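Remarks on the structure that follows.
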Amino acid sequence: MNPDASHAYRSMKSPRAGIGGIVQGELLKLILDEKGIHAITERLSSLLDKPVAVADAYFHNLAAASPSACDEEPLWTAAVAGGGAPRAILDHPLIGHYFSEVGRIRSCVIIPGFPEQGMSRRRILAPIVAGAEILGYMTVLESSGRLEELDPALLQQATLILAIELLNKRRRVETELRLLGDVLGELLTGGSFDRRSILHRSSLLGIDLLRPWSLLLVGFDWNMDTQVPVDPVSTHQRLFECVRRSTTIRFADVVPVVQGADIVLFCPAADLDREDRLAVIADGIWTDLRWYMPTNSVSVAIGGLCRDLSDFTHRYEDAKKALDLNRSLRGRSRLVRLEDFGISAILYRPDNPGELRRFADGQLSGLLEYDLHHCTELLPTLDCYLAEGASFRPTARKLGVHLNTLRGRLVRIAKVLNRDLKASDVRLGLQVAIEIYRYSGLLPQTGEARRRRRGNQQVETAKVKEEQGMVGLDRTVATAGGRTKPTTVRT
């Protein structure tokens with residue numbers, strides 16, 4: 001079953017004259033009285049006599065209500081309690097098409113039941129649209145009466161009123177975030193600031209800066225080898241909106257702010273499981289991004305613990321440097337700390353981000369190419385040799401080779417690199433280069449060369465057998481009667 005325009009909502013009723021105006025006036029009064037989205041949702045559920053849920057553009061629940069006598073579907077109840085549609089439902093290959101269809105046609109769609117997924121009833125999914133943007137979704141669950149019996153004017157007015165309420169809510173949030181950015185930005189920039197003023201202004205916004213905080217920095221993995229989007233500003237805004245919704249829906253006490261091109265998360269650090277909590281926050285961001293921005297790769301840097309106002313600048317700089325290093329080295333880790341980079345963190349120059357990689361290539365690229373071409377393991381041998389403090393016996397024992405074999409490899413390494421491995425400064429440069437390669441994922445593992453040799457030998461053997469087999473099929477021998485018959489030569 002493929003969702004298309006045939007699944008668009010078509011009412012069996014004609015719009016009743018005047019119903020739209022009556023409903024619009026009643027719901028508008030709720031907005032003017034600042035009753036909020038919960039009151040609007042409850043009134044809609046009463047008018048429709050069906051369970052109604054309102055979600056944001058990322059399918060996080062904002063409000064839900066049901067008639068008192070209504071028997072809810074178990075999945076519906078679980079989704080309301082869990083804060084939104086389960087990820088397994090959104091990622092389902094068939095059900096997910098219906099969600100995409102709503103965004104494409106920008107109109108109501110009836111989603112059929114999928115009992116095997118816990119969706120025993122049909123539901124209407126209606127987009128809440130303002131201009132060219134989808135602000136959220138309204139879902140109506142089938143209960144008493146068929147969905148087709150709903151008045152289309154009522155659904156239209158409901159989504160219009162919800163759009164107005166969501167726009168109002170967005171403006172309030174944007175104002176608060178702008179004020180937060182102004183206050184917290186002063187802590188991050190490192191300039192002089194009035195301590196008493198910052199503490200007072202932040203307290204007015206509900207933030208106690210005297211408690212311990214941890215900083216997380218979220219950024220795209222854009223570097224010289226990746227294509228920057230055509231509209232990076234718009235893409236950055238979408239990222240911030242996704243990060244903000246992802247964090248606040250799971251952790252109400254996390255404060256996201258924009259600092260230049262960076263997205264900084266202020267995370268309360270009173271918990272004993274602080275590191276685990278930061279990892280959970282990062283996992284939530286990646287989970288949501290896979291759905292909402294699947295073509296973009298994002299990393300998260302941990303800036304460390306801030307116990308005093310003066311710590312925020314240093315922790316922010318640490319996180320920023322860790323993200324820059326991760327981009328420069330094209331690291332494979334998505335959750336990084338500055339200490340993960342060891343001596344590379346000291347050598348890194350922000351004004352020349354590719355310098356570390358060029359340094360490592362200058363030290364080791366010849367050896368890496370030699371190993372790839374000859375199916376040897378000289379680079380892993382050098383790594384082990386340096387890690388064991390240039391000691392022969394521990395290195396040979398760890399590699400599982402004879403001492404003479406190790407000495408032969410080291411002679412060959414020195415010849416390929418044209419360096420004296422006995423010199424301490426040479427060994428230091430090579431060790432730094434190996435660590436850069438290790439983080440970049442370029443350092444081959446012990447045994448890789450043997451696997452490559454084995455694979456090459458199998459390919460060569462197969463080619464030889466194939467060639468000999470073709471020759472055998474074409475070969476003929478003369479028989480005593482002068483006739484010839486094809487004979488296959490065994491190989």
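Letters for chains follow the order of the structure tokens (A, B, ...), residue numbers begin at 1 for each chain, and ligand numbers begin at 1 in the order shown.
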Contact residues around Phe341 (chain A) with only C-alpha atoms at 8 Å, ignoring same-chain residues under 6 positions, as a count of residues only: 3
Close residues, Ala63 (chain A) itself excluded, 7 Å, only C-alpha atoms, min 6 positions apart in chain, as a list in words: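 These residues fall inside the cut-off: Ile37, His38, Thr41, Ala53 and Val54 of chain A.
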Write a file of the selected residues as a compact mmCIF listing (two decimals), in the first residue's frame, keeping C-alpha atoms.
# COMPACT_ATOMS: atom_id res chain seq x y z
CA ILE A 37 -2.53 25.12 23.43
CA HIS A 38 -3.80 22.59 25.98
CA THR A 41 -6.77 20.92 22.15
CA ALA A 53 -3.15 15.36 19.75
CA VAL A 54 -1.05 18.33 18.60
Among listed residues A:Asn404, A:Asn296, A:Arg409, A:Ser66, nearest Asp371 (chain A) (using only C-alpha atoms): A:Arg409
Alpha helix (DSSP H) residues, from DSSP on the backbone, in region 77-178 of chain A, as a PyMOL selection string: chain A and resi 77-82+87-90+95-105+152-178
Sel. of strand (DSSP E or B) residues, region 18-93 of chain A, as a VMD selection string: chain A and resid 52 to 56 60 to 65 84
Write to file, as a PDB file, in the first residue's frame, the residues of the selection just made, with N, CA and C atoms.
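So result-v1.pdb came out as:
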ATOM      1  N   VAL A  52      -7.654  13.906  20.311  1.00  0.00           N
ATOM      2  CA  VAL A  52      -6.892  14.832  19.474  1.00  0.00           C
ATOM      3  C   VAL A  52      -5.526  15.051  20.108  1.00  0.00           C
ATOM      4  N   ALA A  53      -4.503  15.058  19.286  1.00  0.00           N
ATOM      5  CA  ALA A  53      -3.147  15.360  19.753  1.00  0.00           C
ATOM      6  C   ALA A  53      -2.535  16.394  18.815  1.00  0.00           C
ATOM      7  N   VAL A  54      -1.750  17.304  19.376  1.00  0.00           N
ATOM      8  CA  VAL A  54      -1.048  18.326  18.604  1.00  0.00           C
ATOM      9  C   VAL A  54       0.445  18.134  18.828  1.00  0.00           C
ATOM     10  N   ALA A  55       1.200  18.058  17.754  1.00  0.00           N
ATOM     11  CA  ALA A  55       2.654  17.869  17.824  1.00  0.00           C
ATOM     12  C   ALA A  55       3.348  18.983  17.064  1.00  0.00           C
ATOM     13  N   ASP A  56       4.626  19.188  17.374  1.00  0.00           N
ATOM     14  CA  ASP A  56       5.391  20.183  16.624  1.00  0.00           C
ATOM     15  C   ASP A  56       5.860  19.580  15.302  1.00  0.00           C
ATOM     16  N   HIS A  60       7.005  15.902  18.203  1.00  0.00           N
ATOM     17  CA  HIS A  60       7.028  15.888  19.663  1.00  0.00           C
ATOM     18  C   HIS A  60       5.682  16.431  20.153  1.00  0.00           C
ATOM     19  N   ASN A  61       5.047  15.715  21.044  1.00  0.00           N
ATOM     20  CA  ASN A  61       3.719  16.114  21.519  1.00  0.00           C
ATOM     21  C   ASN A  61       3.754  17.446  22.256  1.00  0.00           C
ATOM     22  N   LEU A  62       2.801  18.320  21.903  1.00  0.00           N
ATOM     23  CA  LEU A  62       2.630  19.589  22.603  1.00  0.00           C
ATOM     24  C   LEU A  62       1.409  19.556  23.510  1.00  0.00           C
ATOM     25  N   ALA A  63       0.371  18.832  23.089  1.00  0.00           N
ATOM     26  CA  ALA A  63      -0.852  18.718  23.888  1.00  0.00           C
ATOM     27  C   ALA A  63      -1.665  17.545  23.363  1.00  0.00           C
ATOM     28  N   ALA A  64      -2.499  16.968  24.237  1.00  0.00           N
ATOM     29  CA  ALA A  64      -3.381  15.868  23.842  1.00  0.00           C
ATOM     30  C   ALA A  64      -4.594  15.860  24.755  1.00  0.00           C
ATOM     31  N   ALA A  65      -5.720  15.449  24.193  1.00  0.00           N
ATOM     32  CA  ALA A  65      -6.959  15.396  24.974  1.00  0.00           C
ATOM     33  C   ALA A  65      -7.876  14.338  24.381  1.00  0.00           C
ATOM     34  N   GLY A  84       5.534  11.761  22.328  1.00  0.00           N
ATOM     35  CA  GLY A  84       5.448  11.835  20.879  1.00  0.00           C
ATOM     36  C   GLY A  84       5.364  10.467  20.243  1.00  0.00           C
TER      37      GLY A  84
END
A:Leu154, A:Val218, A:Met293, A:Leu177 ranked by distance to Val255 (chain A), top pick (using only C-alpha atoms): A:Leu177
Contacts of Gly113 (chain A) at 9 Å (only C-alpha atoms; same-chain gap of 6+ positions) as a PyMOL selection string: chain A and resi 119-123
Who sits within 7 Å of Pro268 (chain A), only C-alpha atoms, same chain under 3 positions skipped, as a list in words: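 My reading of the contact set: Pro212, Trp213, Ser214, Asp253 and Val254 of chain A.
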Could those selected residues go to a file with N, CA and C atoms, as an mmCIF file, in the first residue's frame?
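Saved the output as part-v8.cif:
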data_model
loop_
_atom_site.group_PDB
_atom_site.id
_atom_site.type_symbol
_atom_site.label_atom_id
_atom_site.label_comp_id
_atom_site.auth_asym_id
_atom_site.auth_seq_id
_atom_site.Cartn_x
_atom_site.Cartn_y
_atom_site.Cartn_z
ATOM 1 N N PRO A 212 26.827 24.317 39.459
ATOM 2 C CA PRO A 212 27.747 23.769 38.446
ATOM 3 C C PRO A 212 27.020 23.497 37.122
ATOM 4 N N TRP A 213 27.686 23.786 36.029
ATOM 5 C CA TRP A 213 27.146 23.547 34.686
ATOM 6 C C TRP A 213 28.191 22.831 33.844
ATOM 7 N N SER A 214 27.699 22.031 32.905
ATOM 8 C CA SER A 214 28.554 21.451 31.868
ATOM 9 C C SER A 214 28.176 22.061 30.532
ATOM 10 N N ASP A 253 15.668 21.207 31.776
ATOM 11 C CA ASP A 253 16.613 22.130 32.402
ATOM 12 C C ASP A 253 17.821 22.453 31.538
ATOM 13 N N VAL A 254 17.921 21.874 30.346
ATOM 14 C CA VAL A 254 19.023 22.186 29.424
ATOM 15 C C VAL A 254 18.713 23.486 28.683
#
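Those residues that approach Gln237 (chain A) to within 10 Å, counting only C-alpha atoms, are Pro232, Cys242, Val243, Val258, Ala261 and Ile263 of chain A; same-chain residues fewer than 5 positions away are not listed.
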Emit the selected residues as a PDB file, in the first residue's frame, including C-alpha atoms.
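Contents of out_10.pdb, as written:
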ATOM      1  CA  PRO A 232      24.399  27.558   5.374  1.00  0.00           C
ATOM      2  CA  CYS A 242      16.134  20.649  15.979  1.00  0.00           C
ATOM      3  CA  VAL A 243      18.708  20.715  18.808  1.00  0.00           C
ATOM      4  CA  VAL A 258      23.450  30.383  19.672  1.00  0.00           C
ATOM      5  CA  ALA A 261      28.216  29.821  14.308  1.00  0.00           C
ATOM      6  CA  ILE A 263      25.208  25.994  19.284  1.00  0.00           C
TER       7      ILE A 263
END
Identify, on the basis of only C-alpha atoms, every residue whose closest approach to Arg250 (chain A) does not exceed 12 Å; exclude the query and any residue fewer than 6 positions from it along the same chain; express the result as a compact mmCIF listing (two decimals) with N, CA and C atoms, in the first residue's frame.
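Output below, filename around_14.txt:
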# COMPACT_ATOMS: atom_id res chain seq x y z
N HIS A 60 7.01 15.90 18.20
CA HIS A 60 7.03 15.89 19.66
C HIS A 60 5.68 16.43 20.15
N ASN A 61 5.05 15.72 21.04
CA ASN A 61 3.72 16.11 21.52
C ASN A 61 3.75 17.45 22.26
N GLY A 82 4.70 9.16 26.32
CA GLY A 82 6.12 9.20 25.96
C GLY A 82 6.57 10.48 25.30
N GLY A 83 5.65 11.41 25.08
CA GLY A 83 6.05 12.71 24.52
C GLY A 83 6.01 12.79 23.01
N GLY A 84 5.53 11.76 22.33
CA GLY A 84 5.45 11.84 20.88
C GLY A 84 5.36 10.47 20.24
N VAL A 243 17.99 20.95 17.55
CA VAL A 243 18.71 20.72 18.81
C VAL A 243 17.89 21.23 19.99
N ARG A 244 17.29 22.41 19.83
CA ARG A 244 16.51 22.99 20.92
C ARG A 244 15.33 22.08 21.28
N ARG A 277 24.77 11.42 31.41
CA ARG A 277 23.67 12.31 31.01
C ARG A 277 24.03 13.10 29.75
N LEU A 278 25.26 13.56 29.67
CA LEU A 278 25.71 14.29 28.48
C LEU A 278 25.68 13.39 27.25
N VAL A 280 23.64 10.87 26.82
CA VAL A 280 22.22 10.68 26.47
C VAL A 280 21.70 11.89 25.70
N ILE A 281 22.09 13.09 26.12
CA ILE A 281 21.68 14.31 25.40
C ILE A 281 22.18 14.26 23.97
N ALA A 282 23.46 13.90 23.79
CA ALA A 282 24.04 13.82 22.45
C ALA A 282 23.34 12.76 21.61
N ASP A 283 23.05 11.60 22.20
CA ASP A 283 22.36 10.53 21.46
C ASP A 283 20.97 10.99 20.99
N GLY A 284 20.27 11.74 21.85
CA GLY A 284 18.96 12.25 21.46
C GLY A 284 19.04 13.20 20.28
N ILE A 285 20.07 14.03 20.24
CA ILE A 285 20.26 14.95 19.12
C ILE A 285 20.51 14.18 17.83
N ASP A 288 17.29 12.41 16.49
CA ASP A 288 16.36 13.31 15.81
C ASP A 288 16.92 13.82 14.48
